[in-house]
>>> print(open('target25.csv').read())   # CSV, C-alpha atoms
chain,number,residue,atom,x,y,z
A,294,MET,CA,18.8,-1.7,-23.0
A,295,PHE,CA,15.6,-0.2,-24.3
A,296,GLY,CA,13.7,-3.5,-23.5
A,297,ALA,CA,14.9,-3.3,-19.9
A,298,ALA,CA,13.9,0.3,-19.7
A,299,LEU,CA,10.4,-0.4,-20.9
A,300,ILE,CA,9.9,-3.4,-18.6
A,301,VAL,CA,11.1,-1.4,-15.5
A,302,PHE,CA,9.0,1.6,-16.6
A,303,ARG,CA,5.9,-0.6,-16.8
A,304,GLU,CA,6.6,-2.1,-13.4
A,305,THR,CA,7.2,1.3,-11.7
A,306,LEU,CA,4.4,3.3,-13.4
A,307,GLU,CA,1.7,2.2,-11.0
A,308,ALA,CA,3.6,2.8,-7.8
A,309,ALA,CA,4.9,6.1,-9.1
A,310,LEU,CA,1.4,7.4,-10.0
A,311,PHE,CA,0.3,6.2,-6.6
A,312,VAL,CA,3.0,8.1,-4.8
A,313,GLY,CA,2.3,11.2,-6.9
A,314,ILE,CA,-1.4,11.1,-6.0
A,315,ILE,CA,-0.7,10.5,-2.3
A,316,ALA,CA,1.8,13.3,-2.3
A,317,ALA,CA,-0.8,15.7,-3.7
A,318,ALA,CA,-3.4,14.4,-1.2
A,319,THR,CA,-1.2,15.3,1.7
A,320,ARG,CA,0.0,18.6,0.4
A,321,GLY,CA,0.6,21.2,3.1
A,322,LEU,CA,0.8,18.6,5.8
A,323,ALA,CA,3.7,19.2,8.2
A,324,GLY,CA,6.4,16.5,7.8
A,325,ARG,CA,4.7,15.1,4.7
A,326,SER,CA,8.0,14.5,2.8
A,327,ARG,CA,9.5,12.7,5.7
A,328,TRP,CA,6.5,10.3,6.0
A,329,LEU,CA,6.3,9.8,2.2
A,330,GLY,CA,10.1,9.2,2.1
A,331,ALA,CA,9.8,6.7,4.9
A,332,GLY,CA,6.9,4.9,3.1
A,333,ILE,CA,8.9,4.6,-0.1
A,334,GLY,CA,12.0,3.5,1.8
A,335,VAL,CA,10.3,0.8,3.7
A,336,GLY,CA,8.6,-0.3,0.4
A,337,VAL,CA,12.0,-0.6,-1.3
A,338,LEU,CA,13.6,-2.5,1.5
A,339,GLY,CA,10.6,-4.9,1.6
A,340,ALA,CA,10.8,-5.3,-2.2
A,341,VAL,CA,14.4,-6.3,-2.0
A,342,ALA,CA,13.6,-8.8,0.8
A,343,LEU,CA,10.6,-10.2,-1.2
A,344,ALA,CA,12.7,-10.5,-4.3
A,345,LEU,CA,15.4,-12.4,-2.4
A,346,LEU,CA,12.7,-14.8,-1.0
A,347,ALA,CA,10.8,-15.1,-4.3
A,348,GLU,CA,12.1,-18.5,-5.2
A,349,TRP,CA,11.2,-19.9,-1.8
A,350,ILE,CA,7.9,-18.2,-1.6
A,351,GLY,CA,7.0,-19.3,-5.1
A,352,GLN,CA,7.0,-23.0,-4.0
A,353,TRP,CA,4.5,-22.5,-1.2
A,354,ALA,CA,1.1,-24.1,-1.4
A,355,ASP,CA,1.8,-26.0,-4.6
A,356,GLY,CA,3.2,-23.1,-6.7
A,357,ILE,CA,0.7,-20.3,-5.7
A,358,GLY,CA,2.9,-18.8,-2.9
A,359,GLN,CA,3.5,-15.6,-4.9
A,360,ASP,CA,-0.2,-15.1,-5.4
A,361,LEU,CA,-0.8,-15.7,-1.7
A,362,VAL,CA,1.7,-13.0,-0.8
A,363,ASN,CA,0.1,-10.7,-3.4
A,364,VAL,CA,-3.3,-11.4,-2.0
A,365,GLY,CA,-2.0,-10.5,1.5
A,366,ILE,CA,-0.4,-7.3,0.3
A,367,LEU,CA,-3.4,-6.2,-1.7
A,368,CYS,CA,-5.8,-7.0,1.2
A,369,PHE,CA,-3.6,-4.9,3.5
A,370,ALA,CA,-3.4,-2.0,1.0
A,371,LEU,CA,-7.1,-2.1,0.4
A,372,ALA,CA,-7.8,-2.1,4.1
A,373,MET,CA,-5.6,1.0,4.5
A,374,LEU,CA,-7.3,2.9,1.7
A,375,LEU,CA,-10.8,1.9,2.8
A,376,TRP,CA,-9.9,3.0,6.4
A,377,HIS,CA,-8.6,6.3,5.0
A,378,CYS,CA,-11.6,6.9,2.8
A,379,VAL,CA,-14.3,5.9,5.3
A,380,HIS,CA,-13.0,6.7,8.7
A,381,GLY,CA,-10.3,9.2,7.9
A,382,ALA,CA,-12.1,11.0,5.0
A,383,ALA,CA,-13.3,14.0,7.0
A,384,ASN,CA,-10.6,13.6,9.7
A,385,GLY,CA,-7.5,13.3,7.5
A,386,ARG,CA,-8.6,16.0,5.0
A,387,ASP,CA,-9.4,18.5,7.7
A,388,THR,CA,-6.1,17.7,9.4
A,389,ALA,CA,-4.3,18.6,6.2
A,390,ILE,CA,-6.3,21.8,5.8
A,391,GLY,CA,-5.8,22.7,9.5
A,392,ALA,CA,-2.1,22.2,9.1
A,393,ARG,CA,-1.9,24.5,6.2
A,394,GLN,CA,-4.0,27.2,7.8
A,395,LEU,CA,-2.0,27.2,10.9
A,396,GLY,CA,1.3,26.9,9.1
A,397,ALA,CA,4.3,25.1,10.6
A,398,SER,CA,3.1,25.5,14.2
A,399,VAL,CA,0.8,22.6,13.7
A,400,GLY,CA,3.6,20.1,13.3
A,401,SER,CA,2.9,18.4,16.6
A,402,GLY,CA,-0.9,18.7,16.5
A,403,GLY,CA,-1.6,17.5,12.9
A,404,ARG,CA,-2.0,13.7,12.8
A,405,PRO,CA,-0.6,12.4,9.6
A,406,PRO,CA,-2.9,10.1,7.6
A,407,TRP,CA,-0.6,7.1,8.3
A,408,ALA,CA,-2.9,4.7,6.4
A,409,LEU,CA,-1.9,6.5,3.2
A,410,PHE,CA,1.8,6.1,3.9
A,411,VAL,CA,1.4,2.4,4.7
A,412,ALA,CA,-0.4,2.1,1.4
A,413,VAL,CA,2.5,3.8,-0.4
A,414,ALA,CA,4.9,1.4,1.2
A,415,LEU,CA,2.8,-1.5,0.1
A,416,ALA,CA,2.5,-0.2,-3.5
A,417,VAL,CA,6.2,0.2,-3.7
A,418,LEU,CA,6.8,-3.2,-2.2
A,419,ARG,CA,4.5,-5.0,-4.6
A,420,GLU,CA,5.7,-3.3,-7.8
A,421,GLY,CA,9.3,-3.0,-6.6
A,422,ALA,CA,9.8,-6.7,-5.9
A,423,GLU,CA,9.2,-7.7,-9.5
A,424,THR,CA,11.5,-4.9,-10.7
A,425,VAL,CA,14.3,-6.0,-8.3
A,426,LEU,CA,13.8,-9.6,-9.4
A,427,PHE,CA,14.0,-8.7,-13.1
A,428,ILE,CA,17.1,-6.4,-12.7
A,429,ALA,CA,18.9,-8.9,-10.5
A,430,GLY,CA,18.1,-11.8,-12.8
A,431,TYR,CA,19.3,-10.1,-16.0
A,432,ALA,CA,22.2,-8.1,-14.7
A,433,THR,CA,23.9,-11.1,-13.1
A,434,GLY,CA,22.7,-14.0,-15.2
A,435,SER,CA,25.4,-15.8,-17.3
A,436,GLY,CA,26.1,-14.2,-20.7
A,437,SER,CA,23.9,-11.2,-19.9
A,438,HIS,CA,24.6,-7.6,-20.6
A,439,THR,CA,25.1,-6.3,-17.1
A,440,ALA,CA,25.8,-2.7,-18.0
A,441,SER,CA,23.0,-2.3,-20.5
A,442,THR,CA,20.4,-4.0,-18.1
A,443,LEU,CA,21.4,-1.7,-15.3
A,444,LEU,CA,21.4,1.4,-17.5
A,445,GLY,CA,18.1,0.5,-19.0
A,446,GLY,CA,16.7,-0.2,-15.5
A,447,ALA,CA,17.8,3.1,-14.3
A,448,LEU,CA,16.3,4.9,-17.3
A,449,GLY,CA,13.0,3.0,-16.8
A,450,LEU,CA,13.0,3.9,-13.1
A,451,ALA,CA,13.7,7.5,-13.9
A,452,ALA,CA,10.9,7.6,-16.5
A,453,GLY,CA,8.5,6.0,-14.0
A,454,ALA,CA,9.4,8.4,-11.3
A,455,LEU,CA,9.0,11.3,-13.7
A,456,THR,CA,5.5,10.2,-14.5
A,457,GLY,CA,4.7,10.3,-10.8
A,458,VAL,CA,6.2,13.8,-10.6
A,459,VAL,CA,4.2,15.0,-13.6
A,460,MET,CA,1.0,13.5,-11.9
A,461,TYR,CA,1.9,15.5,-8.7
A,462,ALA,CA,2.7,18.7,-10.6
A,463,GLY,CA,-0.6,18.4,-12.5
A,464,LEU,CA,-2.6,17.9,-9.3
A,465,SER,CA,-0.8,20.7,-7.7
A,466,ARG,CA,-2.3,23.1,-10.2
A,467,ILE,CA,-5.7,22.5,-8.8
A,468,PRO,CA,-6.8,25.1,-6.3
A,469,MET,CA,-6.5,24.0,-2.7
A,470,HIS,CA,-10.2,24.1,-2.0
A,471,ARG,CA,-10.9,21.7,-4.8
A,472,LEU,CA,-7.7,19.6,-4.6
A,473,PHE,CA,-8.9,17.2,-1.8
A,474,LYS,CA,-12.1,16.5,-3.6
A,475,VAL,CA,-10.1,15.4,-6.6
A,476,THR,CA,-7.5,13.4,-4.6
A,477,ASN,CA,-10.2,11.7,-2.6
A,478,LEU,CA,-11.9,10.6,-5.8
A,479,LEU,CA,-8.6,9.4,-7.2
A,480,ILE,CA,-7.8,7.5,-3.9
A,481,ALA,CA,-11.3,5.9,-4.0
A,482,LEU,CA,-10.6,4.8,-7.6
A,483,LEU,CA,-7.1,3.5,-6.6
A,484,ALA,CA,-8.8,1.5,-3.9
A,485,ALA,CA,-11.3,0.0,-6.4
A,486,ALA,CA,-8.4,-0.8,-8.8
A,487,ILE,CA,-6.6,-2.6,-5.9
A,488,ALA,CA,-9.8,-4.6,-5.2
A,489,SER,CA,-10.0,-5.6,-8.9
A,490,GLN,CA,-6.3,-6.8,-8.8
A,491,LEU,CA,-7.1,-8.7,-5.6
A,492,ALA,CA,-10.0,-10.4,-7.5
A,493,ARG,CA,-7.6,-11.3,-10.3
A,494,ALA,CA,-5.0,-12.7,-7.9
A,495,LEU,CA,-7.6,-14.9,-6.2
A,496,LEU,CA,-8.7,-16.3,-9.6
A,497,GLN,CA,-5.1,-16.8,-10.8
A,498,ALA,CA,-4.3,-18.7,-7.6
A,499,GLY,CA,-7.4,-20.8,-8.0
A,500,LEU,CA,-8.7,-19.8,-4.6
A,501,VAL,CA,-11.9,-18.6,-6.2
A,502,GLU,CA,-13.6,-20.3,-9.1
A,503,ARG,CA,-16.7,-18.3,-9.7
A,504,TRP,CA,-17.2,-15.3,-12.0
A,505,ALA,CA,-13.9,-15.9,-13.8
A,506,ALA,CA,-15.2,-15.3,-17.3
A,507,PRO,CA,-14.6,-11.9,-18.8
A,508,VAL,CA,-17.7,-9.7,-18.9
A,509,TRP,CA,-16.7,-7.6,-21.9
A,510,ASP,CA,-13.9,-7.2,-24.3
A,511,SER,CA,-12.9,-3.6,-25.1
A,512,SER,CA,-9.4,-4.6,-26.3
A,513,PRO,CA,-10.2,-3.6,-29.9
A,514,LEU,CA,-11.0,-0.1,-28.7
A,515,LEU,CA,-8.5,0.3,-26.0
A,516,PRO,CA,-6.0,-2.5,-25.3
A,517,THR,CA,-4.6,-2.7,-21.8
A,518,ASP,CA,-1.1,-2.8,-23.1
A,519,SER,CA,-1.4,0.4,-25.1
A,520,ALA,CA,0.0,3.6,-23.5
A,521,PRO,CA,-3.4,5.1,-22.6
A,522,GLY,CA,-4.6,1.7,-21.5
A,523,ALA,CA,-1.7,1.1,-19.2
A,524,LEU,CA,-2.1,4.6,-17.7
A,525,LEU,CA,-5.8,4.0,-17.1
A,526,HIS,CA,-5.0,0.6,-15.7
A,527,ALA,CA,-2.6,2.2,-13.2
A,528,LEU,CA,-5.0,5.1,-12.3
A,529,ILE,CA,-8.5,3.6,-12.3
A,530,GLY,CA,-7.8,-0.1,-12.7
A,531,TYR,CA,-8.9,-0.3,-16.4
A,532,ASP,CA,-9.0,-3.8,-17.8
A,533,ALA,CA,-9.9,-4.6,-21.4
A,534,GLN,CA,-11.3,-8.0,-20.4
A,535,PRO,CA,-12.4,-7.8,-16.7
A,536,SER,CA,-13.8,-10.9,-15.1
A,537,GLY,CA,-17.1,-10.8,-13.3
A,538,LEU,CA,-15.3,-11.1,-9.9
A,539,GLN,CA,-13.1,-8.1,-10.7
A,540,LEU,CA,-16.1,-6.0,-11.5
A,541,LEU,CA,-17.9,-7.2,-8.4
A,542,PHE,CA,-14.9,-6.3,-6.2
A,543,TYR,CA,-14.5,-2.9,-8.0
A,544,GLY,CA,-18.1,-1.9,-7.6
A,545,ALA,CA,-18.3,-3.1,-4.0
A,546,THR,CA,-15.3,-1.0,-3.0
A,547,LEU,CA,-16.8,2.1,-4.5
A,548,VAL,CA,-20.1,1.4,-2.8
A,549,VAL,CA,-18.4,0.8,0.6
A,550,ILE,CA,-16.4,4.1,0.3
A,551,LEU,CA,-19.4,6.1,-0.9
A,552,PHE,CA,-21.8,5.0,1.8
A,553,GLY,CA,-19.2,4.4,4.4
A,554,SER,CA,-17.7,7.9,4.3
A,555,ARG,CA,-21.2,9.5,4.3
A,556,LEU,CA,-22.2,7.4,7.3
A,557,ALA,CA,-19.0,8.2,9.1
A,558,ALA,CA,-19.4,11.9,8.4
A,559,THR,CA,-22.9,12.1,9.7
A,560,ALA,CA,-22.2,9.8,12.7
A,561,ALA,CA,-19.3,11.8,14.1
A,562,PRO,CA,-19.7,15.5,13.2
A,563,SER,CA,-18.1,16.6,16.5
A,564,ARG,CA,-14.9,14.7,15.9
A,565,THR,CA,-14.6,16.3,12.5
A,566,ALA,CA,-15.1,19.8,14.0
A,567,ALA,CA,-12.5,19.0,16.6
A,568,GLY,CA,-10.0,17.8,14.0
A,569,ALA,CA,-10.4,21.0,12.0
A,570,ALA,CA,-10.1,23.2,15.0
B,111,MET,CA,-8.6,-29.2,20.1
B,112,PHE,CA,-9.9,-27.5,17.1
B,113,GLY,CA,-7.8,-24.3,17.2
B,114,LYS,CA,-6.3,-22.2,14.6
B,115,LEU,CA,-4.1,-25.1,13.5
B,116,SER,CA,-6.9,-27.3,12.5
B,117,THR,CA,-8.7,-24.4,10.8
B,118,GLY,CA,-5.6,-23.8,8.8
B,119,LEU,CA,-5.3,-27.5,7.9
B,120,ILE,CA,-8.9,-27.6,6.8
B,121,ALA,CA,-8.3,-24.4,4.7
B,122,LEU,CA,-5.2,-26.0,3.2
B,123,PHE,CA,-7.1,-29.2,2.5
B,124,LEU,CA,-9.9,-27.3,0.7
B,125,VAL,CA,-7.3,-25.3,-1.3
B,126,SER,CA,-5.5,-28.5,-2.3
B,127,ALA,CA,-8.8,-30.2,-3.1
B,128,ALA,CA,-9.7,-27.3,-5.4
B,129,VAL,CA,-6.3,-27.3,-6.9
B,130,ALA,CA,-6.4,-31.0,-7.6
B,131,ALA,CA,-9.7,-30.8,-9.4
B,132,ALA,CA,-8.5,-28.9,-12.5
B,133,PRO,CA,-6.7,-30.7,-15.4
B,134,GLU,CA,-3.1,-29.8,-15.5
B,135,GLN,CA,-0.9,-28.5,-18.4
B,136,LEU,CA,2.9,-28.3,-18.1
B,137,LEU,CA,4.6,-25.3,-19.8
B,138,VAL,CA,8.4,-25.2,-19.9
B,139,ILE,CA,10.5,-22.1,-20.4
B,140,LYS,CA,13.8,-22.9,-22.0
B,141,ASN,CA,16.2,-20.6,-23.8
B,142,HIS,CA,13.6,-17.9,-23.5
B,143,ARG,CA,11.0,-19.9,-25.4
B,144,PHE,CA,7.9,-21.8,-24.3
B,145,GLU,CA,7.6,-25.5,-24.8
B,146,PRO,CA,5.0,-26.3,-26.0
B,147,ALA,CA,4.5,-23.0,-27.8
B,148,GLU,CA,0.9,-24.0,-28.6
B,149,PHE,CA,-1.4,-26.4,-26.7
B,150,LYS,CA,-5.0,-27.3,-26.6
B,151,VAL,CA,-7.4,-27.2,-23.6
B,152,PRO,CA,-11.1,-27.9,-23.4
B,153,ALA,CA,-13.5,-25.0,-23.4
B,154,GLY,CA,-15.5,-24.0,-20.3
B,155,GLN,CA,-13.1,-25.7,-18.0
B,156,ARG,CA,-10.6,-24.3,-15.5
B,157,ILE,CA,-7.0,-25.4,-16.3
B,158,ARG,CA,-4.1,-25.6,-13.9
B,159,LEU,CA,-1.1,-24.3,-15.7
B,160,VAL,CA,2.3,-25.3,-14.2
B,161,VAL,CA,5.0,-23.1,-15.6
B,162,HIS,CA,8.5,-24.4,-15.1
B,163,ASN,CA,11.3,-21.9,-15.8
B,164,GLN,CA,14.4,-23.9,-16.7
B,165,ASP,CA,16.4,-20.7,-17.6
B,166,SER,CA,18.9,-19.1,-15.3
B,167,THR,CA,16.9,-15.8,-15.6
B,168,PRO,CA,13.4,-14.9,-14.2
B,169,GLU,CA,10.5,-14.7,-16.6
B,170,GLU,CA,7.1,-13.1,-16.4
B,171,PHE,CA,4.2,-15.2,-17.8
B,172,GLU,CA,1.8,-12.6,-19.2
B,173,SER,CA,-1.4,-12.9,-21.1
B,174,LYS,CA,-3.7,-9.9,-21.7
B,175,PRO,CA,-6.4,-12.0,-23.3
B,176,MET,CA,-6.5,-14.4,-20.4
B,177,ASN,CA,-5.9,-11.6,-17.9
B,178,ARG,CA,-2.9,-13.3,-16.2
B,179,GLU,CA,0.6,-12.3,-15.2
B,180,LYS,CA,3.0,-14.0,-12.9
B,181,VAL,CA,6.8,-13.8,-12.4
B,182,VAL,CA,8.5,-17.2,-12.3
B,183,ALA,CA,12.0,-17.1,-10.7
B,184,ALA,CA,14.9,-18.8,-12.4
B,185,GLY,CA,14.6,-22.6,-12.1
B,186,ALA,CA,11.3,-22.3,-10.3
B,187,LYS,CA,7.8,-23.8,-10.9
B,188,ALA,CA,4.7,-21.7,-10.6
B,189,THR,CA,1.0,-22.6,-10.8
B,190,ILE,CA,-1.4,-20.3,-12.7
B,191,PHE,CA,-5.1,-21.1,-13.0
B,192,ILE,CA,-6.6,-20.1,-16.3
B,193,GLY,CA,-10.1,-20.1,-17.6
B,194,PRO,CA,-12.8,-21.3,-17.9
B,195,LEU,CA,-12.4,-20.0,-21.4
B,196,LYS,CA,-14.6,-19.8,-24.5
B,197,ALA,CA,-13.4,-21.5,-27.7
B,198,GLY,CA,-10.7,-19.4,-29.4
B,199,ARG,CA,-7.0,-18.6,-29.4
B,200,TYR,CA,-5.4,-16.9,-26.5
B,201,ASP,CA,-1.8,-15.6,-26.8
B,202,PHE,CA,0.7,-15.3,-24.0
B,203,VAL,CA,4.2,-14.0,-23.8
B,204,GLY,CA,7.2,-14.0,-21.5
B,205,GLU,CA,7.3,-10.3,-20.8
B,206,TYR,CA,11.1,-10.3,-20.2
B,207,ASN,CA,11.8,-11.8,-23.6
B,208,GLU,CA,8.9,-10.9,-25.7
B,209,SER,CA,10.7,-11.4,-29.0
B,210,THR,CA,11.2,-15.1,-28.5
B,211,ALA,CA,8.9,-16.2,-25.6
B,212,LYS,CA,5.6,-16.4,-27.3
B,213,GLY,CA,2.8,-19.0,-27.1
B,214,THR,CA,-0.9,-19.6,-27.7
B,215,VAL,CA,-3.5,-21.5,-25.8
B,216,VAL,CA,-6.0,-23.1,-28.2
B,217,VAL,CA,-9.4,-23.5,-26.5
B,218,GLU,CA,-11.9,-25.8,-28.2
>>> encode(input="target25.csv", output="structure tokens")
Amino acid sequence: MFGAALIVFRETLEAALFVGIIAAATRGLAGRSRWLGAGIGVGVLGAVALALLAEWIGQWADGIGQDLVNVGILCFALAMLLWHCVHGAANGRDTAIGARQLGASVGSGGRPPWALFVAVALAVLREGAETVLFIAGYATGSGSHTASTLLGGALGLAAGALTGVVMYAGLSRIPMHRLFKVTNLLIALLAAAIASQLARALLQAGLVERWAAPVWDSSPLLPTDSAPGALLHALIGYDAQPSGLQLLFYGATLVVILFGSRLAATAAPSRTAAGAA
Amino acid sequence: MFGKLSTGLIALFLVSAAVAAAPEQLLVIKNHRFEPAEFKVPAGQRIRLVVHNQDSTPEEFESKPMNREKVVAAGAKATIFIGPLKAGRYDFVGEYNESTAKGTVVVE
């Protein structure tokens, strides 16, 4: 039971932290909970569908089907976060601020940062599919302990969700005028972490051959499977032995966000003003 | 003539050509154990690892030192590319049965 709880906790940690950060980033936005709930719901449904199809997908393209699906999901999620950070940076943030200043009356005027909610659905989808596959496999397999697997899974899920809630509660303590600077930074790092995972998936699937060797090894200092290592992995994409390709993707994402959002902010100041008004 | 289909076919050919180039190692999961639990591969070369899960439960192949993780459904085969690696020992586990599913890639 404890083993099942730990496995499910590990699988859900990343998605839970992701949801916690997005929840904080959209604080004060009218209809936020509904959008977030819809994102999680769609993600869970997709996860169940993906788990049901796992065996079939796994056989695609000579056994790399799962990686191809992962690459697709990661690309989509990365595109959503980049879109939000670059195009929506000023726009989305000011929408949230505007919604708060004007109170509930903004409901119809405030455009929700939909890219973030799509990214939430994708995070839940990706992490959820493995959890569903694990639970379904061990709760129904012959000679397995159905009750203990289900109970362990529920405990792990609860622990993962609690971590997300703690993340949200922690971020909520930050004063409003600084909160979005923090959440924007966190979202940029999440995007870089997703890019790094994308690089790893491409290497694992054999689609890219170059820069596969690890650039450093910090596992004696901070192993990825330790508690702080796992937390940092989920939050900022920490890897004890990152390949060159991962670092390249990670760095490129941060550069694109940094310069892209500056460029977008200077190119369209009128739109930003209009969004805040 | 040369529409999306042929582009797709060319891409597929390139992928399968790249896939075929790497030497292959079969790794069987049976009774929550890896067979072989230890195997040798040449250093500095990419290896195509084919993991065949013969159990009735899913398993997740995971290796922190090789930076790989992949779920293999019950009865399914999955391909994982590892390396090129430097000489040394690289441990891997089946995350869902860590107490029994353990193995090592010896690179030399």
>>> interface_residues(input="target25.csv", of="chain A", to="chain B", cutoff="6 Å", atoms="all atoms listed in the file", output="CSV table (one decimal) with C-alpha atoms, in the coordinates of the input")
chain,number,residue,atom,x,y,z
A,348,GLU,CA,12.1,-18.5,-5.2
A,356,GLY,CA,3.2,-23.1,-6.7
A,357,ILE,CA,0.7,-20.3,-5.7
A,430,GLY,CA,18.1,-11.8,-12.8
A,497,GLN,CA,-5.1,-16.8,-10.8
A,498,ALA,CA,-4.3,-18.7,-7.6
A,499,GLY,CA,-7.4,-20.8,-8.0
>>> atom_distance(input="target25.csv", atom1="atom CA of Leu540 of chain A", atom2="atom CA of Leu515 of chain A")
17.5 Å
>>> closest_residue(input="target25.csv", among="A:Thr424, A:Gln539, A:Ser326, A:Gln352", to="Leu495 of chain A", atoms="only C-alpha atoms")
A:Gln539
>>> residues_around(input="target25.csv", residues="Asp201 of chain B", least_positions_apart="2", cutoff="7 Å", atoms="only C-alpha atoms", output="PDB file with C-alpha atoms, in the frame of the given file")
ATOM      1  CA  SER B 173      -1.400 -12.900 -21.100  1.00  0.00           C
ATOM      2  CA  PRO B 175      -6.400 -12.000 -23.300  1.00  0.00           C
ATOM      3  CA  ARG B 199      -7.000 -18.600 -29.400  1.00  0.00           C
ATOM      4  CA  VAL B 203       4.200 -14.000 -23.800  1.00  0.00           C
ATOM      5  CA  GLY B 213       2.800 -19.000 -27.100  1.00  0.00           C
ATOM      6  CA  THR B 214      -0.900 -19.600 -27.700  1.00  0.00           C
ATOM      7  CA  VAL B 215      -3.500 -21.500 -25.800  1.00  0.00           C
TER       8      VAL B 215
END
>>> atom_distance(input="target25.csv", atom1="atom CA of Gly553 of chain A", atom2="atom CA of Gly537 of chain A")
23.4 Å
>>> closest_residue(input="target25.csv", among="A:Thr456, A:Ser465, A:Thr442, A:Thr319", to="Ala408 of chain A", atoms="only C-alpha atoms")
A:Thr319
>>> atom_distance(input="target25.csv", atom1="atom CA of Gly457 of chain A", atom2="atom CA of Val362 of chain A")
25.5 Å
>>> residues_around(input="target25.csv", residues="Leu418 of chain A", least_positions_apart="6", cutoff="9 Å", atoms="only C-alpha atoms", output="list in words")
Ala308, Ile333, Val335, Gly336, Val337, Leu338, Gly339, Ala340, Val341, Leu343 and Ile366 of chain A
>>> write_last_selection(input="target25.csv", atoms="C-alpha atoms", output="PDB file, in the frame of the given file")
ATOM      1  CA  ALA A 308       3.600   2.800  -7.800  1.00  0.00           C
ATOM      2  CA  ILE A 333       8.900   4.600  -0.100  1.00  0.00           C
ATOM      3  CA  VAL A 335      10.300   0.800   3.700  1.00  0.00           C
ATOM      4  CA  GLY A 336       8.600  -0.300   0.400  1.00  0.00           C
ATOM      5  CA  VAL A 337      12.000  -0.600  -1.300  1.00  0.00           C
ATOM      6  CA  LEU A 338      13.600  -2.500   1.500  1.00  0.00           C
ATOM      7  CA  GLY A 339      10.600  -4.900   1.600  1.00  0.00           C
ATOM      8  CA  ALA A 340      10.800  -5.300  -2.200  1.00  0.00           C
ATOM      9  CA  VAL A 341      14.400  -6.300  -2.000  1.00  0.00           C
ATOM     10  CA  LEU A 343      10.600 -10.200  -1.200  1.00  0.00           C
ATOM     11  CA  ILE A 366      -0.400  -7.300   0.300  1.00  0.00           C
TER      12      ILE A 366
END
>>> residues_around(input="target25.csv", residues="Ala429 of chain A", least_positions_apart="2", cutoff="12 Å", atoms="all atoms listed in the file", output="number ranges by chain")
A: 297, 301, 341, 344-345, 347, 421-427, 431-435, 437-440, 442-443, 446; B: 166-169, 183-184
>>> closest_residue(input="target25.csv", among="A:Leu514, A:Val548, A:Leu448, A:Leu464", to="Phe302 of chain A", atoms="all atoms listed in the file")
A:Leu448
>>> closest_residue(input="target25.csv", among="A:Met373, A:Leu500, A:Cys368, A:Leu538", to="Ile550 of chain A", atoms="all atoms listed in the file")
A:Met373
